[in-house]
$ cat protein_32.cif   # mmCIF, C-alpha atoms
data_target
loop_
_atom_site.label_atom_id
_atom_site.label_comp_id
_atom_site.auth_asym_id
_atom_site.auth_seq_id
_atom_site.Cartn_x
_atom_site.Cartn_y
_atom_site.Cartn_z
CA MET W 1127 8.91 -22.94 39.75
CA MET W 1128 7.41 -19.43 39.63
CA GLN W 1129 4.40 -19.50 37.33
CA ASN W 1130 4.68 -16.83 34.66
CA PRO W 1131 2.39 -13.87 35.56
CA ASN W 1132 -0.46 -13.78 33.05
CA LEU W 1133 -0.01 -10.24 31.78
CA TYR W 1134 -2.45 -10.53 28.89
CA PRO W 1135 -5.57 -12.25 30.30
CA ASN W 1136 -7.66 -11.81 27.17
CA VAL W 1137 -4.89 -13.09 24.88
CA ASN W 1138 -4.63 -16.85 24.78
CA GLN W 1139 -1.31 -17.52 26.36
CA PRO W 1140 1.03 -20.05 24.75
CA ALA W 1141 1.92 -22.90 27.10
CA CYS W 1142 4.95 -21.36 28.74
CA ASN W 1143 5.65 -22.92 32.08
CA THR W 1144 9.40 -22.46 32.01
CA ASN W 1145 11.04 -19.15 32.67
CA ILE W 1146 13.33 -19.38 29.64
CA MET W 1147 11.10 -17.10 27.65
CA LYS W 1148 10.55 -14.08 29.86
CA PRO W 1149 7.57 -11.89 28.82
CA PHE W 1150 8.73 -8.83 26.94
CA PHE W 1151 6.92 -5.59 27.70
CA ASN W 1152 7.18 -2.53 25.52
CA LEU W 1153 10.40 -3.20 23.64
CA GLY W 1154 10.38 0.40 22.49
CA SER W 1155 10.43 1.20 18.83
CA VAL W 1156 12.20 -1.31 16.70
CA GLN W 1157 13.16 0.61 13.56
CA ASP W 1158 9.68 2.00 12.94
CA ALA W 1159 7.20 -0.05 15.00
CA THR W 1160 6.53 -0.18 18.72
CA VAL W 1161 6.60 -3.86 19.66
CA TYR W 1162 4.45 -5.20 22.52
CA CYS W 1163 5.17 -8.84 23.01
CA MET W 1164 3.59 -11.65 24.90
CA PRO W 1165 5.92 -14.44 25.98
CA MET W 1166 7.87 -15.36 22.89
CA LYS W 1167 8.41 -18.97 21.85
CA LEU W 1168 11.66 -20.23 20.41
CA ALA W 1169 11.90 -20.82 16.64
CA HIS W 1170 8.94 -18.57 15.90
CA ALA W 1171 9.00 -15.49 13.68
CA TYR W 1172 7.27 -12.37 14.98
CA VAL W 1173 6.24 -9.62 12.57
CA PRO W 1174 5.17 -6.28 14.05
CA PHE W 1175 1.66 -5.43 12.83
CA GLN W 1176 1.57 -2.40 10.54
CA ARG W 1177 -0.16 0.70 11.91
CA ILE W 1178 -0.98 3.32 9.28
CA GLY W 1179 0.84 6.62 9.61
CA CYS W 1180 1.34 9.19 6.93
CA LEU W 1181 1.31 8.21 3.26
CA PHE W 1182 3.28 9.19 0.19
CA PRO W 1183 1.34 11.32 -2.32
CA PRO W 1184 0.18 9.26 -5.33
CA MET W 1185 2.94 10.31 -7.72
CA LYS W 1186 5.70 9.67 -5.19
CA GLY W 1187 4.04 6.36 -4.24
CA LEU W 1188 3.99 5.22 -7.86
CA ASP W 1189 7.71 5.95 -8.20
CA ALA W 1190 8.62 4.50 -4.80
CA GLY W 1191 6.59 1.35 -5.35
CA THR W 1192 4.61 1.82 -2.13
CA ILE W 1193 2.55 4.55 -0.49
CA PHE W 1194 3.72 3.57 2.99
CA PRO W 1195 7.00 5.32 3.99
CA GLU W 1196 7.67 2.62 6.56
CA LEU W 1197 7.76 -0.01 3.78
CA TYR W 1198 9.99 2.00 1.44
CA ARG W 1199 13.44 0.47 1.67
CA PRO W 1200 15.19 0.48 -1.72
CA TYR W 1201 18.15 -1.85 -2.04
CA GLY W 1202 21.54 -0.16 -1.78
CA VAL W 1203 20.53 2.72 0.46
CA ASP W 1204 20.91 1.05 3.85
CA PRO W 1205 24.58 -0.08 4.09
CA GLU W 1206 23.63 -2.65 6.73
CA TYR W 1207 21.55 -4.51 4.14
CA THR W 1208 23.79 -3.87 1.14
CA ILE W 1209 26.53 -6.32 0.20
CA ASP W 1210 27.86 -5.25 -3.18
CA ALA W 1211 27.23 -1.48 -2.98
CA MET H 1224 8.66 15.68 -24.35
CA ASN H 1225 6.00 14.61 -21.88
CA THR H 1226 2.71 15.56 -23.44
CA ASP H 1227 -0.29 16.59 -21.40
CA ARG H 1228 -1.82 13.25 -22.31
CA GLU H 1229 1.09 11.31 -20.83
CA THR H 1230 1.12 13.49 -17.73
CA LEU H 1231 -2.57 12.89 -17.15
CA LEU H 1232 -2.08 9.18 -17.86
CA LYS H 1233 0.61 9.00 -15.18
CA GLU H 1234 -1.74 10.70 -12.73
CA VAL H 1235 -4.41 8.09 -13.50
CA MET H 1236 -1.82 5.36 -12.93
CA ALA H 1237 -0.68 6.95 -9.64
CA ALA H 1238 -4.26 7.26 -8.39
CA ASP H 1239 -4.95 3.62 -9.23
CA PHE H 1240 -1.71 2.55 -7.56
CA THR H 1241 -2.67 4.32 -4.35
CA LEU H 1242 -5.99 2.45 -4.44
CA ILE H 1243 -4.23 -0.88 -4.81
CA ASP H 1244 -1.95 -0.22 -1.82
CA LEU H 1245 -4.80 1.00 0.36
CA ASN H 1246 -6.80 -2.06 -0.68
CA LEU H 1247 -3.97 -4.36 0.42
CA TYR H 1248 -3.74 -2.50 3.74
CA LEU H 1249 -7.49 -2.71 4.35
CA ASN H 1250 -7.46 -6.45 3.67
CA THR H 1251 -5.50 -6.84 6.90
CA HIS H 1252 -7.02 -3.92 8.77
CA PRO H 1253 -10.77 -4.19 8.03
CA TYR H 1254 -11.81 -2.08 11.03
CA ASP H 1255 -9.64 0.94 10.19
CA GLN H 1256 -12.46 3.47 9.71
CA ARG H 1257 -10.21 6.38 8.75
CA THR H 1258 -8.49 4.42 6.01
CA ILE H 1259 -11.82 3.20 4.64
CA MET H 1260 -12.88 6.83 4.24
CA LEU H 1261 -9.53 7.62 2.60
CA PHE H 1262 -9.96 4.69 0.22
CA TYR H 1263 -13.40 5.95 -0.77
CA ASN H 1264 -12.06 9.44 -1.49
CA CYS H 1265 -9.17 8.06 -3.50
CA ALA H 1266 -11.56 5.89 -5.51
CA GLN H 1267 -13.65 8.94 -6.37
CA ARG H 1268 -10.52 10.83 -7.39
CA ALA H 1269 -9.30 7.95 -9.57
CA LYS H 1270 -12.68 7.73 -11.33
CA MET H 1271 -12.67 11.48 -11.89
CA LEU H 1272 -9.18 11.39 -13.39
CA ARG H 1273 -10.07 8.42 -15.58
CA ASN H 1274 -13.19 10.15 -16.89
CA GLU H 1275 -11.17 13.29 -17.52
CA TYR H 1276 -8.62 11.33 -19.55
CA GLU H 1277 -11.29 9.55 -21.56
CA ARG H 1278 -13.15 12.76 -22.20
CA LEU H 1279 -10.00 14.39 -23.61
CA TYR H 1280 -8.09 11.54 -25.23
CA GLY H 1281 -10.46 8.67 -25.80
CA PRO H 1282 -11.12 5.35 -24.07
CA LEU H 1283 -8.49 3.87 -21.75
CA THR H 1284 -9.90 0.40 -22.24
CA ALA H 1285 -11.90 -1.06 -25.09
CA SER H 1286 -14.78 -1.69 -22.73
CA ASN H 1287 -14.98 2.04 -22.18
CA SER H 1288 -15.31 2.74 -25.85
CA PRO H 1289 -18.49 4.78 -26.49
CA ASN H 1290 -21.25 3.25 -28.59
CA THR H 1291 -20.72 5.81 -31.32
CA CYS H 1292 -19.86 4.84 -34.86
CA PRO H 1293 -17.09 4.38 -35.97
CA TRP H 1294 -15.49 2.21 -33.27
CA GLN H 1295 -13.34 4.58 -31.20
CA TRP H 1296 -10.91 2.12 -29.71
CA ILE H 1297 -8.79 1.78 -32.83
CA ASN H 1298 -8.01 5.50 -32.96
CA SER H 1299 -4.39 6.15 -32.18
CA PRO H 1300 -2.66 6.86 -29.98
CA TRP H 1301 -3.50 3.96 -27.72
CA PRO H 1302 -3.01 4.91 -24.06
CA TRP H 1303 0.34 3.14 -23.81
CA GLU H 1304 1.69 4.55 -27.07
CA HIS H 1305 4.19 7.40 -26.82
CA GLN H 1306 3.58 10.14 -29.34
CA SER H 1307 6.80 10.77 -31.29
#

$ encode --input "protein_32.cif" --output "C-alpha coordinates"
Amino acid sequence: MMQNPNLYPNVNQPACNTNIMKPFFNLGSVQDATVYCMPMKLAHAYVPFQRIGCLFPPMKGLDAGTIFPELYRPYGVDPEYTIDA
Amino acid sequence: MNTDRETLLKEVMAADFTLIDLNLYLNTHPYDQRTIMLFYNCAQRAKMLRNEYERLYGPLTASNSPNTCPWQWINSPWPWEHQS
(Lines of atoms letter the chains of each structure in order from A and count residues from 1; the text may use other names and numbers.)
(Lines give C-alpha, C1' and ligand atoms only; values in the text may rest on other atoms or scores of the structure.)
Protein backbone atom coordinates (compact mmCIF):
# COMPACT_ATOMS: atom_id res chain seq x y z
CA MET A 1 0.00 0.00 0.00
CA MET A 2 1.64 3.25 -1.14
CA GLN A 3 2.07 5.50 1.88
CA ASN A 4 0.54 8.90 1.24
CA PRO A 5 3.34 11.44 0.49
CA ASN A 6 3.53 13.87 3.40
CA LEU A 7 3.05 17.12 1.50
CA TYR A 8 2.62 19.32 4.55
CA PRO A 9 5.39 18.31 7.00
CA ASN A 10 4.70 21.09 9.48
CA VAL A 11 0.94 20.43 9.50
CA ASN A 12 -0.08 17.54 11.70
CA GLN A 13 -1.36 15.02 9.26
CA PRO A 14 -4.60 13.18 10.03
CA ALA A 15 -4.13 9.41 10.16
CA CYS A 16 -4.73 8.63 6.51
CA ASN A 17 -3.18 5.36 5.53
CA THR A 18 -5.68 4.46 2.85
CA ASN A 19 -5.66 6.06 -0.55
CA ILE A 20 -9.40 6.77 -0.54
CA MET A 21 -8.82 10.36 0.40
CA LYS A 22 -6.28 11.63 -2.10
CA PRO A 23 -4.53 14.89 -1.06
CA PHE A 24 -6.02 17.85 -2.86
CA PHE A 25 -3.59 20.51 -4.02
CA ASN A 26 -4.68 23.96 -5.11
CA LEU A 27 -8.33 23.38 -5.94
CA GLY A 28 -8.40 26.76 -7.63
CA SER A 29 -10.84 29.37 -6.52
CA VAL A 30 -14.05 28.03 -5.16
CA GLN A 31 -16.53 30.89 -5.56
CA ASP A 32 -14.32 33.48 -3.89
CA ALA A 33 -11.60 31.64 -1.94
CA THR A 34 -8.54 29.72 -3.09
CA VAL A 35 -8.68 26.38 -1.29
CA TYR A 36 -5.48 24.52 -0.35
CA CYS A 37 -6.37 21.24 1.21
CA MET A 38 -4.53 18.60 3.12
CA PRO A 39 -5.92 15.09 2.85
CA MET A 40 -9.62 15.42 3.54
CA LYS A 41 -11.45 13.07 5.88
CA LEU A 42 -14.93 11.79 5.21
CA ALA A 43 -17.87 13.34 7.11
CA HIS A 44 -15.91 16.47 7.96
CA ALA A 45 -16.89 20.02 7.01
CA TYR A 46 -14.16 22.26 5.63
CA VAL A 47 -14.60 26.03 5.67
CA PRO A 48 -12.15 28.13 3.64
CA PHE A 49 -10.44 30.65 5.93
CA GLN A 50 -11.37 34.25 5.15
CA ARG A 51 -8.60 36.44 3.74
CA ILE A 52 -9.36 40.17 3.84
CA GLY A 53 -9.70 41.87 0.47
CA CYS A 54 -11.40 45.13 -0.24
CA LEU A 55 -14.16 46.42 2.03
CA PHE A 56 -17.46 48.19 1.52
CA PRO A 57 -17.47 51.85 2.59
CA PRO A 58 -19.22 52.35 5.96
CA MET A 59 -22.57 53.52 4.59
CA LYS A 60 -22.79 50.69 2.07
CA GLY A 61 -21.67 48.22 4.76
CA LEU A 62 -24.42 49.36 7.11
CA ASP A 63 -27.05 48.83 4.41
CA ALA A 64 -25.56 45.54 3.19
CA GLY A 65 -25.20 44.15 6.70
CA THR A 66 -21.50 43.41 6.26
CA ILE A 67 -18.39 45.28 5.17
CA PHE A 68 -16.94 42.22 3.45
CA PRO A 69 -18.11 41.87 -0.19
CA GLU A 70 -17.30 38.17 -0.11
CA LEU A 71 -19.86 37.67 2.70
CA TYR A 72 -22.62 39.73 1.06
CA ARG A 73 -25.11 37.25 -0.33
CA PRO A 74 -28.69 38.54 0.05
CA TYR A 75 -31.41 35.92 -0.28
CA GLY A 76 -33.18 35.90 -3.64
CA VAL A 77 -30.33 37.20 -5.77
CA ASP A 78 -28.55 33.93 -6.50
CA PRO A 79 -31.10 31.67 -8.28
CA GLU A 80 -29.12 28.59 -7.26
CA TYR A 81 -29.91 29.32 -3.61
CA THR A 82 -33.41 30.70 -4.11
CA ILE A 83 -36.44 28.41 -3.95
CA ASP A 84 -39.50 30.63 -3.96
CA ALA A 85 -38.17 33.61 -5.97
CA MET B 1 -37.07 64.82 5.03
CA ASN B 2 -33.74 63.55 6.30
CA THR B 3 -32.41 66.26 8.54
CA ASP B 4 -28.71 66.95 8.93
CA ARG B 5 -28.99 65.43 12.39
CA GLU B 6 -30.33 62.14 11.04
CA THR B 7 -27.73 62.09 8.29
CA LEU B 8 -24.92 62.57 10.79
CA LEU B 9 -26.51 59.98 13.08
CA LYS B 10 -26.50 57.44 10.24
CA GLU B 11 -22.83 58.19 9.62
CA VAL B 12 -22.09 57.54 13.31
CA MET B 13 -24.00 54.26 13.06
CA ALA B 14 -22.14 53.27 9.87
CA ALA B 15 -18.76 54.04 11.43
CA ASP B 16 -19.62 51.97 14.51
CA PHE B 17 -20.87 49.13 12.32
CA THR B 18 -17.60 49.03 10.41
CA LEU B 19 -15.78 48.80 13.75
CA ILE B 20 -17.92 45.87 14.83
CA ASP B 21 -17.23 43.94 11.62
CA LEU B 22 -13.51 44.64 11.73
CA ASN B 23 -13.50 43.57 15.38
CA LEU B 24 -15.12 40.24 14.47
CA TYR B 25 -12.57 39.75 11.69
CA LEU B 26 -9.63 40.54 13.97
CA ASN B 27 -10.89 38.06 16.57
CA THR B 28 -10.03 35.31 14.09
CA HIS B 29 -7.08 37.02 12.44
CA PRO B 30 -5.11 38.51 15.36
CA TYR B 31 -1.86 38.82 13.39
CA ASP B 32 -3.31 40.83 10.50
CA GLN B 33 -1.22 43.98 10.98
CA ARG B 34 -2.82 45.95 8.15
CA THR B 35 -6.33 45.39 9.48
CA ILE B 36 -5.26 46.36 12.99
CA MET B 37 -4.09 49.70 11.63
CA LEU B 38 -7.36 50.05 9.70
CA PHE B 39 -9.34 49.29 12.85
CA TYR B 40 -7.44 51.97 14.75
CA ASN B 41 -8.15 54.57 12.05
CA CYS B 42 -11.81 53.63 11.93
CA ALA B 43 -12.04 53.91 15.71
CA GLN B 44 -10.60 57.43 15.57
CA ARG B 45 -13.07 58.35 12.83
CA ALA B 46 -16.02 56.94 14.80
CA LYS B 47 -15.00 58.91 17.91
CA MET B 48 -14.63 62.06 15.84
CA LEU B 49 -18.09 61.63 14.31
CA ARG B 50 -19.62 60.88 17.70
CA ASN B 51 -18.07 63.99 19.23
CA GLU B 52 -19.25 66.03 16.28
CA TYR B 53 -22.82 64.78 16.74
CA GLU B 54 -22.77 65.46 20.46
CA ARG B 55 -21.30 68.89 19.98
CA LEU B 56 -24.10 69.83 17.57
CA TYR B 57 -27.13 67.90 18.81
CA GLY B 58 -26.50 66.84 22.37
CA PRO B 59 -25.51 63.60 24.07
CA LEU B 60 -25.96 60.29 22.24
CA THR B 61 -26.06 58.40 25.52
CA ALA B 62 -27.00 59.56 28.99
CA SER B 63 -23.51 58.76 30.19
CA ASN B 64 -22.22 61.36 27.76
CA SER B 65 -24.44 64.03 29.19
CA PRO B 66 -22.31 67.03 30.27
CA ASN B 67 -22.22 67.97 33.94
CA THR B 68 -23.98 71.24 33.24
CA CYS B 69 -27.25 72.16 34.87
CA PRO B 70 -30.01 71.47 33.86
CA TRP B 71 -29.64 67.78 32.96
CA GLN B 72 -29.17 67.70 29.17
CA TRP B 73 -30.28 64.18 28.45
CA ILE B 74 -33.99 64.92 28.69
CA ASN B 75 -33.85 67.55 25.94
CA SER B 76 -35.63 66.37 22.85
CA PRO B 77 -35.12 65.10 20.31
CA TRP B 78 -33.55 61.94 21.63
CA PRO B 79 -31.11 60.48 19.09
CA TRP B 80 -33.58 57.84 17.91
CA GLU B 81 -36.50 60.25 17.62
CA HIS B 82 -37.45 61.42 14.13
CA GLN B 83 -38.25 65.10 13.97
CA SER B 84 -41.68 65.56 12.36

$ resolve_selection --input "protein_32.cif" --expression "the PyMOL selection byres ((chain H) within 10 of (chain W))" --output "short mmCIF file (atom, residue, chain, number, x, y, z; two decimals) with C-alpha atoms, in the frame of the given file"
data_model
loop_
_atom_site.label_atom_id
_atom_site.label_comp_id
_atom_site.auth_asym_id
_atom_site.auth_seq_id
_atom_site.Cartn_x
_atom_site.Cartn_y
_atom_site.Cartn_z
CA LYS H 1233 0.61 9.00 -15.18
CA GLU H 1234 -1.74 10.70 -12.73
CA VAL H 1235 -4.41 8.09 -13.50
CA MET H 1236 -1.82 5.36 -12.93
CA ALA H 1237 -0.68 6.95 -9.64
CA ALA H 1238 -4.26 7.26 -8.39
CA ASP H 1239 -4.95 3.62 -9.23
CA PHE H 1240 -1.71 2.55 -7.56
CA THR H 1241 -2.67 4.32 -4.35
CA LEU H 1242 -5.99 2.45 -4.44
CA ILE H 1243 -4.23 -0.88 -4.81
CA ASP H 1244 -1.95 -0.22 -1.82
CA LEU H 1245 -4.80 1.00 0.36
CA TYR H 1248 -3.74 -2.50 3.74
CA THR H 1251 -5.50 -6.84 6.90
CA HIS H 1252 -7.02 -3.92 8.77
CA ASP H 1255 -9.64 0.94 10.19
CA ARG H 1257 -10.21 6.38 8.75
CA THR H 1258 -8.49 4.42 6.01
CA CYS H 1265 -9.17 8.06 -3.50
#

$ atom_distance --input "protein_32.cif" --atom1 "CA of Thr1291 (chain H)" --atom2 "CA of Glu1277 (chain H)"
14.1 Å

$ axis_aligned_box --input "protein_32.cif" --around "region 1180-1196 of chain W" --padding-each-side "8 Å" --output "lines of an AutoDock Vina configuration file"
center_x = 4.4
center_y = 6.3
center_z = -0.6
size_x = 24.4
size_y = 26.0
size_z = 31.1

$ resolve_selection --input "protein_32.cif" --expression "the PyMOL selection byres ((chain H and resi 1301) around 10)" --output "PyMOL selection string"
chain H and resi 1280-1284+1296-1300+1302-1306

$ atom_distance --input "protein_32.cif" --atom1 "CA of Glu1196 (chain W)" --atom2 "CA of Ala1266 (chain H)"
22.9 Å

$ residues_near_point --input "protein_32.cif" --point "(-5.9, 19.3, -27.0)" --cutoff "9 Å" --atoms "all atoms listed in the file" --output "PyMOL selection string"
chain H and resi 1227-1228+1279-1280

$ atom_distance --input "protein_32.cif" --atom1 "CA of Glu1229 (chain H)" --atom2 "CA of Tyr1201 (chain W)"
28.6 Å
